[in-house]
>>> print(open('target_36.cif').read())   # mmCIF, C-alpha atoms
data_start
loop_
_atom_site.group_PDB
_atom_site.id
_atom_site.type_symbol
_atom_site.label_atom_id
_atom_site.label_comp_id
_atom_site.auth_asym_id
_atom_site.auth_seq_id
_atom_site.Cartn_x
_atom_site.Cartn_y
_atom_site.Cartn_z
ATOM 1 C CA ASP A 228 -4.360 -45.583 58.992
ATOM 2 C CA GLU A 229 -3.593 -48.680 61.110
ATOM 3 C CA GLU A 230 -6.175 -50.721 59.179
ATOM 4 C CA GLY A 231 -4.527 -49.866 55.872
ATOM 5 C CA ASN A 232 -7.364 -47.649 54.669
ATOM 6 C CA VAL A 233 -6.582 -44.663 52.476
ATOM 7 C CA ASN A 234 -7.446 -41.268 53.971
ATOM 8 C CA LEU A 235 -7.733 -38.239 51.690
ATOM 9 C CA LEU A 236 -7.775 -34.923 53.570
ATOM 10 C CA GLY A 237 -8.409 -31.686 51.746
ATOM 11 C CA LEU A 238 -9.907 -28.229 51.609
ATOM 12 C CA GLU A 239 -13.370 -27.169 50.508
ATOM 13 C CA GLY A 240 -13.667 -23.974 48.526
ATOM 14 C CA GLU A 241 -15.789 -21.690 46.403
ATOM 15 C CA GLN A 242 -14.787 -20.063 43.143
ATOM 16 C CA VAL A 243 -15.788 -16.522 42.295
ATOM 17 C CA TYR A 244 -14.834 -15.725 38.729
ATOM 18 C CA SER A 245 -11.032 -16.305 38.705
ATOM 19 C CA LYS A 246 -10.586 -16.396 42.499
ATOM 20 C CA LEU A 247 -10.795 -19.403 44.803
ATOM 21 C CA VAL A 248 -11.266 -19.172 48.582
ATOM 22 C CA THR A 249 -11.179 -21.820 51.313
ATOM 23 C CA THR A 250 -14.483 -22.330 53.124
ATOM 24 C CA GLY A 251 -14.033 -25.686 54.884
ATOM 25 C CA VAL A 252 -12.314 -29.063 55.179
ATOM 26 C CA SER A 253 -13.062 -32.593 53.989
ATOM 27 C CA ARG A 254 -12.087 -36.237 54.532
ATOM 28 C CA ILE A 255 -12.694 -39.283 52.343
ATOM 29 C CA VAL A 256 -11.747 -42.796 53.492
ATOM 30 C CA TYR A 257 -11.291 -45.690 51.040
ATOM 31 C CA GLY A 258 -11.014 -49.374 51.961
ATOM 32 C CA ASN A 259 -7.590 -50.998 51.790
ATOM 33 C CA GLU A 260 -8.600 -53.810 49.413
ATOM 34 C CA ASP A 261 -11.002 -52.603 46.751
ATOM 35 C CA LEU A 262 -10.822 -48.846 47.485
ATOM 36 C CA GLU A 263 -14.514 -48.786 48.281
ATOM 37 C CA GLU A 264 -15.593 -45.467 49.737
ATOM 38 C CA LEU A 265 -16.154 -46.001 53.468
ATOM 39 C CA LEU A 266 -16.634 -42.448 54.668
ATOM 40 C CA ALA A 267 -17.039 -38.972 53.186
ATOM 41 C CA VAL A 268 -17.254 -35.927 55.440
ATOM 42 C CA SER A 269 -17.064 -32.219 54.663
ATOM 43 C CA LYS A 270 -17.650 -29.250 56.933
ATOM 44 C CA ASN A 271 -17.577 -25.492 56.484
ATOM 45 C CA PHE A 272 -15.595 -23.403 58.922
ATOM 46 C CA GLU A 273 -17.556 -22.590 62.060
ATOM 47 C CA SER A 274 -18.651 -19.008 62.654
ATOM 48 C CA GLU A 275 -16.570 -18.697 65.837
ATOM 49 C CA VAL A 276 -13.439 -19.701 63.931
ATOM 50 C CA LEU A 277 -14.097 -17.269 61.083
ATOM 51 C CA GLU A 278 -14.845 -14.419 63.474
ATOM 52 C CA ASN A 279 -11.275 -14.717 64.742
ATOM 53 C CA VAL A 280 -9.239 -15.605 61.641
ATOM 54 C CA ASN A 281 -11.165 -13.875 58.840
ATOM 55 C CA ASP A 282 -9.502 -10.499 58.259
ATOM 56 C CA ILE A 283 -12.654 -8.950 56.812
ATOM 57 C CA GLN A 284 -14.867 -9.973 59.735
ATOM 58 C CA THR A 285 -12.242 -8.899 62.277
ATOM 59 C CA GLN A 286 -11.843 -5.503 60.646
ATOM 60 C CA GLU A 287 -15.552 -4.821 60.160
ATOM 61 C CA ALA A 288 -16.309 -5.758 63.768
ATOM 62 C CA SER A 289 -14.169 -2.802 64.885
ATOM 63 C CA TYR A 290 -15.848 -0.229 62.610
ATOM 64 C CA ASN A 291 -17.596 2.732 64.181
ATOM 65 C CA LYS A 292 -20.767 4.274 62.748
ATOM 66 C CA ARG A 293 -18.875 6.640 60.445
ATOM 67 C CA GLN A 294 -16.672 3.858 59.051
ATOM 68 C CA ARG A 295 -19.699 1.670 58.345
ATOM 69 C CA LYS A 296 -21.264 4.471 56.302
ATOM 70 C CA ARG A 297 -18.057 4.865 54.275
ATOM 71 C CA LYS A 298 -18.009 1.129 53.680
ATOM 72 C CA LYS A 299 -21.526 1.209 52.243
ATOM 73 C CA ARG A 300 -20.612 4.077 49.910
ATOM 74 C CA ARG A 301 -17.571 2.157 48.635
ATOM 75 C CA GLU A 302 -19.659 -0.967 48.075
ATOM 76 C CA ARG A 303 -21.984 0.906 45.704
ATOM 77 C CA LYS A 304 -19.026 1.498 43.363
ATOM 78 C CA LEU A 305 -17.896 -2.124 43.227
ATOM 79 C CA THR A 306 -18.187 -4.252 40.104
ATOM 80 C CA ALA A 307 -20.344 -7.382 40.069
ATOM 81 C CA GLU A 308 -17.230 -9.542 40.434
ATOM 82 C CA GLN A 309 -15.961 -7.536 43.410
ATOM 83 C CA LYS A 310 -19.350 -7.716 45.135
ATOM 84 C CA ALA A 311 -19.557 -11.476 44.618
ATOM 85 C CA TYR A 312 -16.037 -11.989 45.964
ATOM 86 C CA ASN A 313 -16.682 -9.834 49.045
ATOM 87 C CA GLU A 314 -19.808 -11.831 49.837
ATOM 88 C CA VAL A 315 -18.031 -15.197 49.637
ATOM 89 C CA ALA A 316 -14.972 -13.837 51.462
ATOM 90 C CA LYS A 317 -17.056 -13.245 54.588
ATOM 91 C CA ARG A 318 -17.491 -17.001 55.077
ATOM 92 C CA ALA A 319 -13.967 -18.019 54.077
ATOM 93 C CA ALA A 320 -10.508 -18.238 55.603
ATOM 94 C CA LEU A 321 -8.957 -16.037 52.951
ATOM 95 C CA ASN A 322 -5.298 -16.954 53.386
ATOM 96 C CA ALA A 323 -5.688 -20.508 54.740
ATOM 97 C CA ASN A 324 -4.838 -22.254 51.498
ATOM 98 C CA PHE A 325 -2.086 -24.455 52.903
ATOM 99 C CA ILE A 326 -2.366 -27.683 54.925
ATOM 100 C CA ALA A 327 0.638 -27.353 57.227
ATOM 101 C CA TYR A 328 0.051 -30.766 58.831
ATOM 102 C CA SER A 329 -2.150 -33.817 58.420
ATOM 103 C CA GLY A 330 -2.058 -37.059 60.375
ATOM 104 C CA ILE A 331 -3.950 -39.918 62.005
ATOM 105 C CA ASP A 332 -3.982 -40.364 65.782
ATOM 106 C CA GLU A 333 -3.980 -43.676 67.655
ATOM 107 C CA ASN A 334 -7.791 -43.744 67.576
ATOM 108 C CA GLY A 335 -7.880 -43.563 63.780
ATOM 109 C CA ASP A 336 -9.169 -39.983 63.764
ATOM 110 C CA ALA A 337 -7.721 -37.559 61.220
ATOM 111 C CA ILE A 338 -6.215 -34.232 62.274
ATOM 112 C CA ILE A 339 -5.258 -31.314 60.059
ATOM 113 C CA VAL A 340 -3.679 -27.950 60.837
ATOM 114 C CA LEU A 341 -4.088 -25.058 58.408
ATOM 115 C CA GLU A 342 -1.881 -21.983 58.483
ATOM 116 C CA GLU A 343 -2.724 -18.641 56.940
ATOM 117 C CA GLN A 344 0.145 -17.699 54.648
ATOM 118 C CA HIS A 345 0.486 -14.846 52.209
ATOM 119 C CA LEU A 346 3.166 -12.767 50.523
ATOM 120 C CA VAL A 347 3.304 -8.981 50.307
ATOM 121 C CA VAL A 348 5.696 -7.477 47.762
ATOM 122 C CA VAL A 349 6.689 -3.831 48.210
ATOM 123 C CA THR A 350 8.685 -2.040 45.515
ATOM 124 C CA THR A 351 10.120 1.408 46.209
ATOM 125 C CA THR A 352 11.976 3.752 43.875
ATOM 126 C CA THR A 353 14.188 6.589 45.115
ATOM 127 C CA THR A 354 16.050 9.320 43.247
ATOM 128 C CA ASP A 355 19.230 10.936 44.558
ATOM 129 C CA ALA A 356 20.457 14.501 44.022
ATOM 130 C CA ASN A 357 22.198 13.493 40.796
ATOM 131 C CA GLY A 358 19.036 12.082 39.269
ATOM 132 C CA ASN A 359 20.048 8.446 39.705
ATOM 133 C CA THR A 360 17.160 6.158 40.549
ATOM 134 C CA THR A 361 17.304 3.042 42.681
ATOM 135 C CA THR A 362 14.529 0.471 42.827
ATOM 136 C CA THR A 363 14.279 -1.912 45.770
ATOM 137 C CA THR A 364 11.858 -4.811 46.129
ATOM 138 C CA THR A 365 11.152 -6.275 49.569
ATOM 139 C CA TYR A 366 9.293 -9.536 50.129
ATOM 140 C CA TYR A 367 7.260 -9.936 53.338
ATOM 141 C CA TYR A 368 6.341 -13.559 54.028
ATOM 142 C CA HIS A 369 3.420 -13.726 56.470
ATOM 143 C CA TYR A 370 2.709 -16.800 58.615
ATOM 144 C CA ASP A 371 -0.423 -16.071 60.588
ATOM 145 C CA ASP A 372 -3.408 -17.729 62.297
ATOM 146 C CA LEU A 373 -3.890 -21.481 62.630
ATOM 147 C CA ILE A 374 -7.096 -23.441 62.053
ATOM 148 C CA MET A 375 -7.209 -26.910 63.612
ATOM 149 C CA ALA A 376 -9.744 -29.558 62.623
ATOM 150 C CA LYS A 377 -10.283 -33.138 63.753
ATOM 151 C CA PHE A 378 -12.481 -35.697 61.998
ATOM 152 C CA ILE A 379 -14.165 -38.033 64.498
ATOM 153 C CA ASP A 380 -16.253 -40.496 62.474
ATOM 154 C CA ASP A 381 -18.715 -38.245 60.627
ATOM 155 C CA GLU A 382 -18.214 -35.248 62.933
ATOM 156 C CA VAL A 383 -15.680 -32.424 62.578
ATOM 157 C CA VAL A 384 -14.492 -30.373 65.558
ATOM 158 C CA GLN A 385 -12.618 -27.113 64.991
ATOM 159 C CA ASN A 386 -10.627 -24.497 66.833
ATOM 160 C CA TYR A 387 -8.141 -21.736 66.083
ATOM 161 C CA TYR A 388 -4.997 -20.061 67.374
ATOM 162 C CA LYS A 389 -4.181 -16.430 66.599
ATOM 163 C CA LYS A 390 -0.605 -15.557 65.774
ATOM 164 C CA SER A 391 1.438 -13.383 63.474
ATOM 165 C CA PHE A 392 4.964 -13.764 62.130
ATOM 166 C CA VAL A 393 6.695 -12.018 59.237
ATOM 167 C CA SER A 394 9.949 -13.067 57.591
ATOM 168 C CA VAL A 395 11.566 -10.423 55.391
ATOM 169 C CA ASN A 396 13.058 -11.606 52.077
ATOM 170 C CA VAL A 397 13.632 -15.134 53.409
ATOM 171 C CA PRO A 398 10.755 -17.660 53.257
ATOM 172 C CA LEU A 399 10.705 -20.317 55.954
ATOM 173 C CA GLN A 400 11.552 -23.806 54.727
ATOM 174 C CA LYS A 401 9.098 -25.125 57.300
ATOM 175 C CA SER A 402 6.818 -22.842 59.278
ATOM 176 C CA LEU A 403 5.674 -25.309 61.949
ATOM 177 C CA ASP A 404 5.957 -28.857 63.298
ATOM 178 C CA VAL A 405 3.250 -31.020 64.873
ATOM 179 C CA LEU A 406 3.625 -33.898 67.330
ATOM 180 C CA LEU A 407 0.803 -36.139 68.578
ATOM 181 C CA LYS A 408 1.607 -37.405 72.066
ATOM 182 C CA ASP A 409 -0.328 -38.595 75.132
ATOM 183 C CA GLY A 410 -3.667 -37.362 73.844
ATOM 184 C CA GLU A 411 -2.312 -33.911 73.008
ATOM 185 C CA ILE A 412 -1.525 -32.054 69.802
ATOM 186 C CA ASN A 413 1.744 -30.113 70.067
ATOM 187 C CA ILE A 414 2.300 -27.435 67.427
ATOM 188 C CA MET A 415 5.673 -25.712 67.329
ATOM 189 C CA THR A 416 5.555 -22.270 65.711
ATOM 190 C CA GLN A 417 8.007 -19.389 65.753
ATOM 191 C CA GLY A 418 8.800 -18.840 69.425
ATOM 192 C CA HIS A 419 5.864 -20.806 70.847
ATOM 193 C CA ILE A 420 4.538 -24.308 71.328
ATOM 194 C CA VAL A 421 0.754 -24.541 71.041
ATOM 195 C CA LYS A 422 -0.867 -27.400 72.933
ATOM 196 C CA THR A 423 -4.418 -28.695 72.748
ATOM 197 C CA ASP A 424 -6.196 -31.896 73.678
ATOM 198 C CA TYR A 425 -7.488 -34.236 70.995
ATOM 199 C CA ASP A 426 -10.967 -32.692 71.293
ATOM 200 C CA LEU A 427 -9.496 -29.263 70.403
ATOM 201 C CA GLN A 428 -11.356 -27.717 73.327
ATOM 202 C CA ASN A 429 -8.471 -26.356 75.391
ATOM 203 C CA VAL A 430 -5.818 -24.446 73.422
ATOM 204 C CA LYS A 431 -2.777 -23.122 75.299
ATOM 205 C CA ASP A 432 0.526 -21.674 74.174
ATOM 206 C CA TYR A 433 3.951 -21.724 75.805
ATOM 207 C CA GLU A 434 6.876 -19.469 74.957
ATOM 208 C CA LEU A 435 10.082 -21.286 74.069
ATOM 209 C CA LYS A 436 12.957 -20.582 76.442
ATOM 210 C CA ALA A 437 15.174 -20.087 73.416
ATOM 211 C CA PHE A 438 13.272 -16.868 72.643
ATOM 212 C CA GLU A 439 13.422 -15.369 76.126
ATOM 213 C CA ARG A 440 15.415 -12.142 76.318
ATOM 214 C CA LYS A 441 17.753 -13.557 78.944
ATOM 215 C CA ASP A 442 18.799 -16.293 76.510
ATOM 216 C CA ARG A 443 21.155 -14.084 74.520
ATOM 217 C CA ILE A 444 23.720 -15.200 71.976
ATOM 218 C CA PRO A 445 26.639 -12.860 71.169
ATOM 219 C CA GLY A 446 26.203 -11.308 67.746
ATOM 220 C CA MET A 447 22.575 -12.442 67.404
ATOM 221 C CA ARG A 448 20.285 -9.468 67.993
ATOM 222 C CA LYS A 449 17.166 -11.494 67.253
ATOM 223 C CA LYS A 450 16.481 -15.005 66.037
ATOM 224 C CA PHE A 451 13.920 -17.175 64.319
ATOM 225 C CA PHE A 452 13.704 -20.784 63.223
ATOM 226 C CA THR A 453 14.063 -21.277 59.481
ATOM 227 C CA TYR A 454 14.031 -25.079 59.679
ATOM 228 C CA ARG A 455 13.102 -27.836 62.138
ATOM 229 C CA LYS A 456 13.737 -31.556 62.239
ATOM 230 C CA THR A 457 11.551 -33.893 64.300
ATOM 231 C CA ILE A 458 13.889 -36.448 65.879
ATOM 232 C CA ASP A 459 11.247 -38.443 67.767
ATOM 233 C CA GLU A 460 7.930 -37.865 69.551
ATOM 234 C CA ASN A 461 9.734 -35.933 72.313
ATOM 235 C CA THR A 462 12.501 -34.044 70.531
ATOM 236 C CA ILE A 463 12.813 -31.395 67.828
ATOM 237 C CA LEU A 464 16.155 -30.133 66.514
ATOM 238 C CA ALA A 465 16.112 -26.593 65.114
ATOM 239 C CA PRO A 466 18.646 -23.916 64.116
ATOM 240 C CA ALA A 467 17.818 -20.372 65.237
ATOM 241 C CA GLN A 468 19.223 -17.918 62.728
ATOM 242 C CA PHE A 469 19.758 -14.190 62.321
ATOM 243 C CA ARG A 470 21.667 -13.136 59.213
ATOM 244 C CA ARG A 471 24.861 -15.257 59.163
ATOM 245 C CA LYS A 472 24.723 -16.222 62.821
ATOM 246 C CA VAL A 473 23.270 -19.654 63.623
ATOM 247 C CA ALA A 474 22.650 -21.396 66.956
ATOM 248 C CA TRP A 475 21.301 -24.938 67.222
ATOM 249 C CA TYR A 476 18.580 -25.827 69.744
ATOM 250 C CA LYS A 477 17.374 -29.168 71.006
ATOM 251 C CA ILE A 478 13.743 -28.719 72.046
ATOM 252 C CA SER A 479 12.100 -31.251 74.348
ATOM 253 C CA ILE A 480 8.323 -31.727 74.422
ATOM 254 C CA LYS A 481 7.195 -32.537 77.976
#
>>> encode(input="target_36.cif", output="structure tokens")
Amino acid sequence: DEEGNVNLLGLEGEQVYSKLVTTGVSRIVYGNEDLEELLAVSKNFESEVLENVNDIQTQEASYNKRQRKRKKRRERKLTAEQKAYNEVAKRAALNANFIAYSGIDENGDAIIVLEEQHLVVVTTTTTDANGNTTTTTTYYYHYDDLIMAKFIDDEVVQNYYKKSFVSVNVPLQKSLDVLLKDGEINIMTQGHIVKTDYDLQNVKDYELKAFERKDRIPGMRKKFFTYRKTIDENTILAPAQFRRKVAWYKISIK
């Protein structure tokens, strides 16, 4: 930070047998001279955040009476390890194992943005009339909900933003960018810029003009950003790509 102190930002988790899940965030601050511990804060994810980003909670909330009965019957057949994992998973952000951004604002408060990321691999085998088999493997890279946290002294405020994006066979070099400007956090995702104040109380999203249907590029049926470069606090340079077609965009944060 501006005082030269060392800030360590990380994730809190719980291990169930061989599996590890993320249940919260932490910050440790060490002095700039003798590395004396000045502050240590950890906080589990708030229930409101988990209700919106935890896949298990979201799914179970939509169950009807018949589905809940089926769920109970399935649970009776689970092993001890599976039961333990399911219990911990209810209070965890299952796929939020990646800190997409961490930084210090002008007030010396630490900010982190987590993104839920996971990979689904689908392998299919087909056989033609001559008995020849073909095996195809497709990789689906998921970039989903965001969890935002800010450490203010020994307090931690949290919020979330729901989104979903899938890239097929091509992982994104960088899934999002974050700019801190004029008391706001600006998060650039695929097709949107998410804005929130430093207190994380008011989260809004804005669609990028580059992704509007009227902004068409010949030969580019659809587009997504595979890479972004932050030029300064107001400008991001990014190539929108679809197959071999590439168009460069200069995005201004206002």
>>> resolve_selection(input="target_36.cif", expression="the PyMOL selection byres ((chain A and resi 410) around 12)", output="ChimeraX atom specification")
/A:332-334,336,406-409,411-413,422-427
>>> residues_around(input="target_36.cif", residues="segment 387-397 of chain A", least_positions_apart="5", cutoff="6 Å", atoms="all atoms listed in the file", output="list in words")
Tyr366, Tyr367, Tyr368, His369, Tyr370, Asp371, Asp372, Leu373, Ile374 and Met375 of chain A
>>> closest_residue(input="target_36.cif", among="A:Glu314, A:Glu230, A:Glu308, A:Asp381", to="Lys270 of chain A", atoms="all atoms listed in the file")
A:Asp381
>>> resolve_selection(input="target_36.cif", expression="the PyMOL selection byres ((chain A and resi 267) around 10)", output="number ranges by chain")
A: 234-235, 253-257, 264-266, 268-269, 380-381
>>> atom_distance(input="target_36.cif", atom1="atom CA of Val421 of chain A", atom2="atom CA of Glu434 of chain A")
8.9 Å
>>> atom_distance(input="target_36.cif", atom1="atom CA of Arg297 of chain A", atom2="atom CA of Glu278 of chain A")
21.6 Å
>>> resolve_selection(input="target_36.cif", expression="the PyMOL selection byres ((chain A and resi 326) around 9)", output="PyMOL selection string")
chain A and resi 237-238+323-325+327-329+339-342
>>> atom_distance(input="target_36.cif", atom1="atom CA of Ala307 of chain A", atom2="atom CA of Glu239 of chain A")
23.4 Å
>>> axis_aligned_box(input="target_36.cif", around="segment 396-410 of chain A", padding_each_side="5 Å", output="lines of an AutoDock Vina configuration file")
center_x = 5.0
center_y = -25.1
center_z = 63.6
size_x = 27.3
size_y = 37.0
size_z = 33.1
>>> residues_around(input="target_36.cif", residues="Glu260 of chain A", least_positions_apart="4", cutoff="10 Å", atoms="all atoms listed in the file", output="tab-separated table (two decimals) with C-alpha atoms, in the frame of the given file")
chain	number	residue	atom	x	y	z
A	231	GLY	CA	-4.53	-49.87	55.87
A	232	ASN	CA	-7.36	-47.65	54.67
A	233	VAL	CA	-6.58	-44.66	52.48
>>> closest_residue(input="target_36.cif", among="A:Pro398, A:Val248, A:Ile338, A:Asp261", to="Val383 of chain A", atoms="all atoms listed in the file")
A:Ile338
>>> residues_near_point(input="target_36.cif", point="(-18.3, -12.5, 59.3)", cutoff="7 Å", atoms="all atoms listed in the file", output="PDB file with C-alpha atoms, in the frame of the given file")
ATOM      1  CA  LEU A 277     -14.097 -17.269  61.083  1.00  0.00           C
ATOM      2  CA  GLU A 278     -14.845 -14.419  63.474  1.00  0.00           C
ATOM      3  CA  GLN A 284     -14.867  -9.973  59.735  1.00  0.00           C
ATOM      4  CA  LYS A 317     -17.056 -13.245  54.588  1.00  0.00           C
ATOM      5  CA  ARG A 318     -17.491 -17.001  55.077  1.00  0.00           C
TER       6      ARG A 318
END
>>> residues_around(input="target_36.cif", residues="Thr250 of chain A", least_positions_apart="4", cutoff="7 Å", atoms="all atoms listed in the file", output="PyMOL selection string")
chain A and resi 239-241+271-272+318-320
